[in-house]
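Heads up, work32.cif below (mmCIF, N, CA and C atoms):
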```cif
data_start
loop_
_atom_site.label_atom_id
_atom_site.label_comp_id
_atom_site.auth_asym_id
_atom_site.auth_seq_id
_atom_site.Cartn_x
_atom_site.Cartn_y
_atom_site.Cartn_z
N MET A 1 -24.35 35.07 -25.81
CA MET A 1 -24.07 35.11 -24.38
C MET A 1 -24.55 33.83 -23.71
N ASN A 2 -25.68 33.34 -24.17
CA ASN A 2 -26.22 32.11 -23.61
C ASN A 2 -25.32 30.91 -23.90
N THR A 3 -24.72 30.87 -25.09
CA THR A 3 -23.83 29.78 -25.46
C THR A 3 -22.58 29.79 -24.59
N PHE A 4 -22.06 30.97 -24.29
CA PHE A 4 -20.88 31.09 -23.44
C PHE A 4 -21.13 30.54 -22.04
N SER A 5 -22.26 30.85 -21.45
CA SER A 5 -22.56 30.36 -20.10
C SER A 5 -22.77 28.85 -20.11
N TYR A 6 -23.33 28.33 -21.19
CA TYR A 6 -23.49 26.88 -21.30
C TYR A 6 -22.13 26.20 -21.39
N SER A 7 -21.25 26.78 -22.20
CA SER A 7 -19.91 26.24 -22.37
C SER A 7 -19.12 26.29 -21.06
N ALA A 8 -19.21 27.40 -20.37
CA ALA A 8 -18.50 27.55 -19.10
C ALA A 8 -19.03 26.58 -18.05
N SER A 9 -20.35 26.39 -18.00
CA SER A 9 -20.89 25.47 -17.00
C SER A 9 -20.54 24.02 -17.37
N THR A 10 -20.47 23.71 -18.65
CA THR A 10 -20.07 22.36 -19.07
C THR A 10 -18.62 22.11 -18.68
N GLU A 11 -17.77 23.08 -18.91
CA GLU A 11 -16.36 22.95 -18.52
C GLU A 11 -16.22 22.80 -17.02
N LEU A 12 -17.02 23.52 -16.28
CA LEU A 12 -16.99 23.43 -14.82
C LEU A 12 -17.40 22.04 -14.35
N ILE A 13 -18.41 21.47 -14.97
CA ILE A 13 -18.85 20.11 -14.63
C ILE A 13 -17.75 19.11 -14.94
N ILE A 14 -17.11 19.27 -16.07
CA ILE A 14 -16.02 18.36 -16.46
C ILE A 14 -14.87 18.50 -15.47
N LEU A 15 -14.50 19.72 -15.11
CA LEU A 15 -13.43 19.93 -14.14
C LEU A 15 -13.77 19.33 -12.78
N ARG A 16 -15.02 19.48 -12.38
CA ARG A 16 -15.44 18.91 -11.08
C ARG A 16 -15.39 17.39 -11.09
N ALA A 17 -15.47 16.78 -12.25
CA ALA A 17 -15.38 15.32 -12.35
C ALA A 17 -13.94 14.87 -12.48
N ILE A 18 -13.12 15.62 -13.21
CA ILE A 18 -11.75 15.21 -13.48
C ILE A 18 -10.81 15.46 -12.31
N VAL A 19 -10.94 16.59 -11.64
CA VAL A 19 -10.03 16.94 -10.56
C VAL A 19 -10.06 15.92 -9.42
N PRO A 20 -11.22 15.51 -8.90
CA PRO A 20 -11.20 14.48 -7.85
C PRO A 20 -10.61 13.15 -8.35
N LEU A 21 -10.89 12.80 -9.59
CA LEU A 21 -10.33 11.57 -10.15
C LEU A 21 -8.81 11.65 -10.21
N LEU A 22 -8.28 12.77 -10.65
CA LEU A 22 -6.82 12.95 -10.68
C LEU A 22 -6.22 12.92 -9.28
N LEU A 23 -6.90 13.51 -8.32
CA LEU A 23 -6.41 13.48 -6.93
C LEU A 23 -6.37 12.06 -6.38
N VAL A 24 -7.37 11.26 -6.71
CA VAL A 24 -7.39 9.87 -6.26
C VAL A 24 -6.25 9.09 -6.91
N ILE A 25 -6.02 9.30 -8.20
CA ILE A 25 -4.94 8.61 -8.90
C ILE A 25 -3.58 9.01 -8.32
N ILE A 26 -3.38 10.28 -8.08
CA ILE A 26 -2.11 10.74 -7.49
C ILE A 26 -1.93 10.15 -6.10
N ALA A 27 -2.98 10.16 -5.29
CA ALA A 27 -2.89 9.58 -3.93
C ALA A 27 -2.57 8.10 -3.99
N TRP A 28 -3.13 7.40 -4.97
CA TRP A 28 -2.87 5.97 -5.09
C TRP A 28 -1.40 5.72 -5.43
N PHE A 29 -0.84 6.49 -6.38
CA PHE A 29 0.57 6.32 -6.73
C PHE A 29 1.49 6.68 -5.58
N VAL A 30 1.18 7.74 -4.87
CA VAL A 30 1.99 8.13 -3.72
C VAL A 30 1.90 7.06 -2.63
N GLY A 31 0.71 6.53 -2.41
CA GLY A 31 0.52 5.48 -1.42
C GLY A 31 1.30 4.22 -1.78
N ARG A 32 1.30 3.84 -3.05
CA ARG A 32 2.05 2.67 -3.48
C ARG A 32 3.55 2.88 -3.32
N ALA A 33 4.03 4.09 -3.60
CA ALA A 33 5.46 4.37 -3.42
C ALA A 33 5.82 4.26 -1.94
N TRP A 34 4.98 4.80 -1.07
CA TRP A 34 5.22 4.69 0.37
C TRP A 34 5.18 3.22 0.80
N PHE A 35 4.20 2.49 0.27
CA PHE A 35 4.01 1.09 0.61
C PHE A 35 5.25 0.28 0.23
N LYS A 36 5.80 0.53 -0.95
CA LYS A 36 6.99 -0.21 -1.37
C LYS A 36 8.19 0.08 -0.48
N ARG A 37 8.29 1.32 0.02
CA ARG A 37 9.40 1.66 0.92
C ARG A 37 9.26 0.98 2.27
N GLN A 38 8.04 0.68 2.69
CA GLN A 38 7.81 0.07 3.98
C GLN A 38 8.08 -1.43 3.98
N VAL A 39 8.19 -2.02 2.80
CA VAL A 39 8.38 -3.46 2.69
C VAL A 39 9.82 -3.81 3.01
N THR A 40 10.00 -4.75 3.93
CA THR A 40 11.33 -5.22 4.28
C THR A 40 11.66 -6.48 3.50
N THR A 41 12.92 -6.79 3.37
CA THR A 41 13.34 -8.03 2.73
C THR A 41 14.25 -8.78 3.69
N GLY A 42 14.48 -10.04 3.41
CA GLY A 42 15.29 -10.87 4.28
C GLY A 42 14.41 -11.71 5.19
N ASP A 43 15.04 -12.56 5.99
CA ASP A 43 14.31 -13.49 6.84
C ASP A 43 14.40 -13.14 8.32
N GLN A 44 14.86 -11.95 8.65
CA GLN A 44 14.97 -11.55 10.04
C GLN A 44 14.09 -10.35 10.32
N CYS A 45 13.70 -10.23 11.56
CA CYS A 45 12.94 -9.04 11.99
C CYS A 45 13.84 -7.82 11.80
N PRO A 46 13.36 -6.78 11.12
CA PRO A 46 14.20 -5.60 10.89
C PRO A 46 14.45 -4.77 12.15
N LYS A 47 13.66 -4.99 13.19
CA LYS A 47 13.81 -4.20 14.41
C LYS A 47 14.79 -4.84 15.39
N CYS A 48 14.58 -6.13 15.71
CA CYS A 48 15.42 -6.78 16.71
C CYS A 48 16.42 -7.76 16.11
N ARG A 49 16.33 -7.99 14.81
CA ARG A 49 17.19 -8.93 14.08
C ARG A 49 17.02 -10.38 14.52
N GLY A 50 15.90 -10.69 15.18
CA GLY A 50 15.60 -12.06 15.54
C GLY A 50 15.05 -12.81 14.34
N THR A 51 15.03 -14.12 14.41
CA THR A 51 14.55 -14.90 13.27
C THR A 51 13.13 -15.40 13.47
N ALA A 52 12.53 -15.13 14.61
CA ALA A 52 11.17 -15.58 14.87
C ALA A 52 10.19 -14.60 14.23
N PHE A 53 9.98 -14.77 12.95
CA PHE A 53 9.21 -13.84 12.13
C PHE A 53 8.14 -14.66 11.44
N HIS A 54 6.85 -14.43 11.71
CA HIS A 54 5.83 -15.24 11.04
C HIS A 54 4.75 -14.36 10.40
N ARG A 55 4.06 -14.94 9.44
CA ARG A 55 3.08 -14.22 8.65
C ARG A 55 1.77 -14.06 9.41
N THR A 56 1.15 -12.87 9.28
CA THR A 56 -0.15 -12.59 9.88
C THR A 56 -1.06 -12.02 8.80
N ARG A 57 -2.28 -11.73 9.15
CA ARG A 57 -3.25 -11.19 8.18
C ARG A 57 -2.95 -9.73 7.85
N ARG A 58 -3.12 -9.39 6.58
CA ARG A 58 -2.96 -8.00 6.16
C ARG A 58 -4.25 -7.24 6.42
N ASN A 59 -4.12 -5.94 6.66
CA ASN A 59 -5.31 -5.11 6.83
C ASN A 59 -5.77 -4.61 5.45
N LEU A 60 -6.88 -3.93 5.40
CA LEU A 60 -7.47 -3.49 4.15
C LEU A 60 -6.53 -2.56 3.38
N LEU A 61 -5.88 -1.63 4.05
CA LEU A 61 -4.96 -0.72 3.38
C LEU A 61 -3.79 -1.48 2.77
N ASP A 62 -3.26 -2.48 3.47
CA ASP A 62 -2.19 -3.31 2.92
C ASP A 62 -2.64 -3.98 1.63
N ARG A 63 -3.86 -4.50 1.63
CA ARG A 63 -4.38 -5.20 0.45
C ARG A 63 -4.59 -4.26 -0.73
N ILE A 64 -5.13 -3.07 -0.47
CA ILE A 64 -5.40 -2.12 -1.56
C ILE A 64 -4.10 -1.62 -2.17
N LEU A 65 -3.18 -1.18 -1.34
CA LEU A 65 -1.92 -0.64 -1.85
C LEU A 65 -1.00 -1.73 -2.40
N GLY A 66 -1.18 -2.95 -1.95
CA GLY A 66 -0.31 -4.03 -2.38
C GLY A 66 -0.80 -4.81 -3.58
N ILE A 67 -1.78 -4.29 -4.29
CA ILE A 67 -2.29 -4.99 -5.46
C ILE A 67 -1.14 -5.19 -6.45
N GLY A 68 -0.88 -6.43 -6.79
CA GLY A 68 0.18 -6.75 -7.74
C GLY A 68 1.56 -6.87 -7.14
N LEU A 69 1.71 -6.64 -5.86
CA LEU A 69 3.01 -6.76 -5.20
C LEU A 69 3.02 -8.02 -4.33
N PRO A 70 4.10 -8.78 -4.36
CA PRO A 70 4.17 -10.02 -3.57
C PRO A 70 4.59 -9.75 -2.13
N VAL A 71 3.72 -9.11 -1.36
CA VAL A 71 4.05 -8.78 0.02
C VAL A 71 3.03 -9.38 0.98
N GLY A 72 3.45 -9.59 2.19
CA GLY A 72 2.58 -10.05 3.25
C GLY A 72 2.95 -9.32 4.54
N ARG A 73 2.06 -9.35 5.52
CA ARG A 73 2.34 -8.73 6.81
C ARG A 73 2.92 -9.80 7.72
N TYR A 74 4.04 -9.49 8.33
CA TYR A 74 4.73 -10.41 9.23
C TYR A 74 4.87 -9.78 10.60
N ARG A 75 4.95 -10.63 11.62
CA ARG A 75 5.09 -10.15 12.98
C ARG A 75 6.21 -10.91 13.68
N CYS A 76 6.98 -10.19 14.45
CA CYS A 76 8.06 -10.80 15.22
C CYS A 76 7.46 -11.47 16.45
N GLU A 77 7.92 -12.67 16.75
CA GLU A 77 7.40 -13.42 17.89
C GLU A 77 8.11 -13.07 19.19
N ASN A 78 9.15 -12.30 19.11
CA ASN A 78 9.87 -11.89 20.31
C ASN A 78 8.94 -11.01 21.15
N PRO A 79 8.63 -11.42 22.40
CA PRO A 79 7.67 -10.65 23.21
C PRO A 79 8.14 -9.23 23.55
N LEU A 80 9.44 -8.98 23.49
CA LEU A 80 9.94 -7.65 23.76
C LEU A 80 9.88 -6.75 22.53
N CYS A 81 9.82 -7.35 21.36
CA CYS A 81 9.83 -6.59 20.10
C CYS A 81 8.42 -6.44 19.53
N ARG A 82 7.79 -7.53 19.16
CA ARG A 82 6.43 -7.59 18.58
C ARG A 82 6.28 -6.68 17.36
N TYR A 83 7.36 -6.51 16.59
CA TYR A 83 7.31 -5.72 15.37
C TYR A 83 6.31 -6.33 14.39
N SER A 84 5.56 -5.48 13.71
CA SER A 84 4.65 -5.92 12.67
C SER A 84 4.87 -5.03 11.47
N GLY A 85 5.12 -5.67 10.31
CA GLY A 85 5.36 -4.87 9.12
C GLY A 85 5.23 -5.69 7.86
N LEU A 86 5.38 -5.03 6.75
CA LEU A 86 5.24 -5.68 5.45
C LEU A 86 6.57 -6.29 5.04
N HIS A 87 6.48 -7.45 4.42
CA HIS A 87 7.66 -8.22 4.10
C HIS A 87 7.50 -8.79 2.69
N ASN A 88 8.56 -8.73 1.91
CA ASN A 88 8.53 -9.27 0.56
C ASN A 88 8.47 -10.79 0.63
N ARG A 89 7.37 -11.38 0.16
CA ARG A 89 7.17 -12.83 0.28
C ARG A 89 8.11 -13.62 -0.61
N GLN A 90 8.61 -13.04 -1.69
CA GLN A 90 9.51 -13.77 -2.58
C GLN A 90 10.83 -14.09 -1.91
N HIS A 91 11.26 -13.25 -0.97
CA HIS A 91 12.54 -13.46 -0.31
C HIS A 91 12.42 -14.19 1.02
N SER A 92 11.21 -14.49 1.44
CA SER A 92 11.03 -15.11 2.75
C SER A 92 10.92 -16.62 2.63
N SER A 93 11.60 -17.32 3.51
CA SER A 93 11.48 -18.77 3.54
C SER A 93 10.43 -19.19 4.56
N HIS A 94 9.81 -18.24 5.26
CA HIS A 94 8.86 -18.55 6.32
C HIS A 94 7.41 -18.51 5.86
N HIS A 95 7.14 -18.19 4.60
CA HIS A 95 5.74 -18.08 4.18
C HIS A 95 5.19 -19.43 3.76
N SER A 96 3.89 -19.56 3.89
CA SER A 96 3.22 -20.79 3.48
C SER A 96 2.80 -20.67 2.04
N HIS A 97 2.86 -21.76 1.30
CA HIS A 97 2.47 -21.75 -0.10
C HIS A 97 0.96 -21.88 -0.21
N ASP A 98 0.34 -21.02 -1.06
CA ASP A 98 -1.11 -21.04 -1.22
C ASP A 98 -1.53 -22.10 -2.21
#
```

Rewrite the structure from the file as structure tokens, please.
Amino acid sequence: MNTFSYSASTELIILRAIVPLLLVIIAWFVGRAWFKRQVTTGDQCPKCRGTAFHRTRRNLLDRILGIGLPVGRYRCENPLCRYSGLHNRQHSSHHSHD
């Protein structure tokens, strides 16, 4: 009986360690899928279709989810639009070379 309770408590400890890890991994994959959908391509603002689109600093979430993806945060300079979003840097002619 004592061995059974030890085994059950060991399994419970393992489950308590694995379940949060799996939830974090699932959340990361879901976040990356959402992140990829939010990325626009082309050289125009997707909201107003203006060409005054320049690169700005990414926030922490952009950096974490964008690991390994060639994206940057861009903002429309049109004062009526001021769209800010993620943009595929490979397709943009407006980005600066690092």

Q: Apply the PyMOL selection byres (((chain A and resi 48-58 and name CA) around 7) and name CA) to the displayed file and report the matching residues as a PyMOL selection string.
A: chain A and resi 43-47+59-60+62-63+72-78+81+94-95

Store the residues picked out above in a file with N, CA and C atoms, as an mmCIF file, in the frame of the given file.
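The file below, result.cif, is the result:
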```cif
data_model
loop_
_atom_site.group_PDB
_atom_site.id
_atom_site.type_symbol
_atom_site.label_atom_id
_atom_site.label_comp_id
_atom_site.auth_asym_id
_atom_site.auth_seq_id
_atom_site.Cartn_x
_atom_site.Cartn_y
_atom_site.Cartn_z
ATOM 1 N N ASP A 43 15.040 -12.560 5.990
ATOM 2 C CA ASP A 43 14.310 -13.490 6.840
ATOM 3 C C ASP A 43 14.400 -13.140 8.320
ATOM 4 N N GLN A 44 14.860 -11.950 8.650
ATOM 5 C CA GLN A 44 14.970 -11.550 10.040
ATOM 6 C C GLN A 44 14.090 -10.350 10.320
ATOM 7 N N CYS A 45 13.700 -10.230 11.560
ATOM 8 C CA CYS A 45 12.940 -9.040 11.990
ATOM 9 C C CYS A 45 13.840 -7.820 11.800
ATOM 10 N N PRO A 46 13.360 -6.780 11.120
ATOM 11 C CA PRO A 46 14.200 -5.600 10.890
ATOM 12 C C PRO A 46 14.450 -4.770 12.150
ATOM 13 N N LYS A 47 13.660 -4.990 13.190
ATOM 14 C CA LYS A 47 13.810 -4.200 14.410
ATOM 15 C C LYS A 47 14.790 -4.840 15.390
ATOM 16 N N ASN A 59 -4.120 -5.940 6.660
ATOM 17 C CA ASN A 59 -5.310 -5.110 6.830
ATOM 18 C C ASN A 59 -5.770 -4.610 5.450
ATOM 19 N N LEU A 60 -6.880 -3.930 5.400
ATOM 20 C CA LEU A 60 -7.470 -3.490 4.150
ATOM 21 C C LEU A 60 -6.530 -2.560 3.380
ATOM 22 N N ASP A 62 -3.260 -2.480 3.470
ATOM 23 C CA ASP A 62 -2.190 -3.310 2.920
ATOM 24 C C ASP A 62 -2.640 -3.980 1.630
ATOM 25 N N ARG A 63 -3.860 -4.500 1.630
ATOM 26 C CA ARG A 63 -4.380 -5.200 0.450
ATOM 27 C C ARG A 63 -4.590 -4.260 -0.730
ATOM 28 N N GLY A 72 3.450 -9.590 2.190
ATOM 29 C CA GLY A 72 2.580 -10.050 3.250
ATOM 30 C C GLY A 72 2.950 -9.320 4.540
ATOM 31 N N ARG A 73 2.060 -9.350 5.520
ATOM 32 C CA ARG A 73 2.340 -8.730 6.810
ATOM 33 C C ARG A 73 2.920 -9.800 7.720
ATOM 34 N N TYR A 74 4.040 -9.490 8.330
ATOM 35 C CA TYR A 74 4.730 -10.410 9.230
ATOM 36 C C TYR A 74 4.870 -9.780 10.600
ATOM 37 N N ARG A 75 4.950 -10.630 11.620
ATOM 38 C CA ARG A 75 5.090 -10.150 12.980
ATOM 39 C C ARG A 75 6.210 -10.910 13.680
ATOM 40 N N CYS A 76 6.980 -10.190 14.450
ATOM 41 C CA CYS A 76 8.060 -10.800 15.220
ATOM 42 C C CYS A 76 7.460 -11.470 16.450
ATOM 43 N N GLU A 77 7.920 -12.670 16.750
ATOM 44 C CA GLU A 77 7.400 -13.420 17.890
ATOM 45 C C GLU A 77 8.110 -13.070 19.190
ATOM 46 N N ASN A 78 9.150 -12.300 19.110
ATOM 47 C CA ASN A 78 9.870 -11.890 20.310
ATOM 48 C C ASN A 78 8.940 -11.010 21.150
ATOM 49 N N CYS A 81 9.820 -7.350 21.360
ATOM 50 C CA CYS A 81 9.830 -6.590 20.100
ATOM 51 C C CYS A 81 8.420 -6.440 19.530
ATOM 52 N N HIS A 94 9.810 -18.240 5.260
ATOM 53 C CA HIS A 94 8.860 -18.550 6.320
ATOM 54 C C HIS A 94 7.410 -18.510 5.860
ATOM 55 N N HIS A 95 7.140 -18.190 4.600
ATOM 56 C CA HIS A 95 5.740 -18.080 4.180
ATOM 57 C C HIS A 95 5.190 -19.430 3.760
#
```

Q: Would you work out the distance separating atom CA of Ala17 of chain A from atom CA of Gly31 of chain A, expressed in Å to one decimal?
A: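 If I compute the distance from atom CA of Ala17 of chain A to atom CA of Gly31 of chain A, I get 21.7 Å.
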
Q: Could you tell me how far atom N of Val71 of chain A lies from atom N of Arg89 of chain A, in Å and to one decimal?
A: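 Atom N of Arg89 of chain A lies at a distance of 4.6 Å from atom N of Val71 of chain A.
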
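Assigned to strand (DSSP E or B) in segment 18-62 of chain A, given DSSP computed from backbone atoms, are Thr40, Phe53, His54, Arg55 and Thr56 of chain A.
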
(Q) To one decimal place in Å, what is the distance between atom CA of Trp34 of chain A and atom CA of Ser84 of chain A? (A)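 Those two atoms sit 16.3 Å apart.
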
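Nearest to Lys36 of chain A of all the residues A:Leu69, A:Leu61, A:Ala8, A:Leu23 is A:Leu69, based on only C-alpha atoms.
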
Write out as AutoDock Vina command-line options an axis-aligned box for segment 60-68 of chain A: all of its atoms listed in the file, 6 Å added on each side, centre and edge lengths in Å with one decimal.
```
--center_x -3.0 --center_y -3.8 --center_z -1.2 --size_x 21.0 --size_y 18.2 --size_z 25.1
```
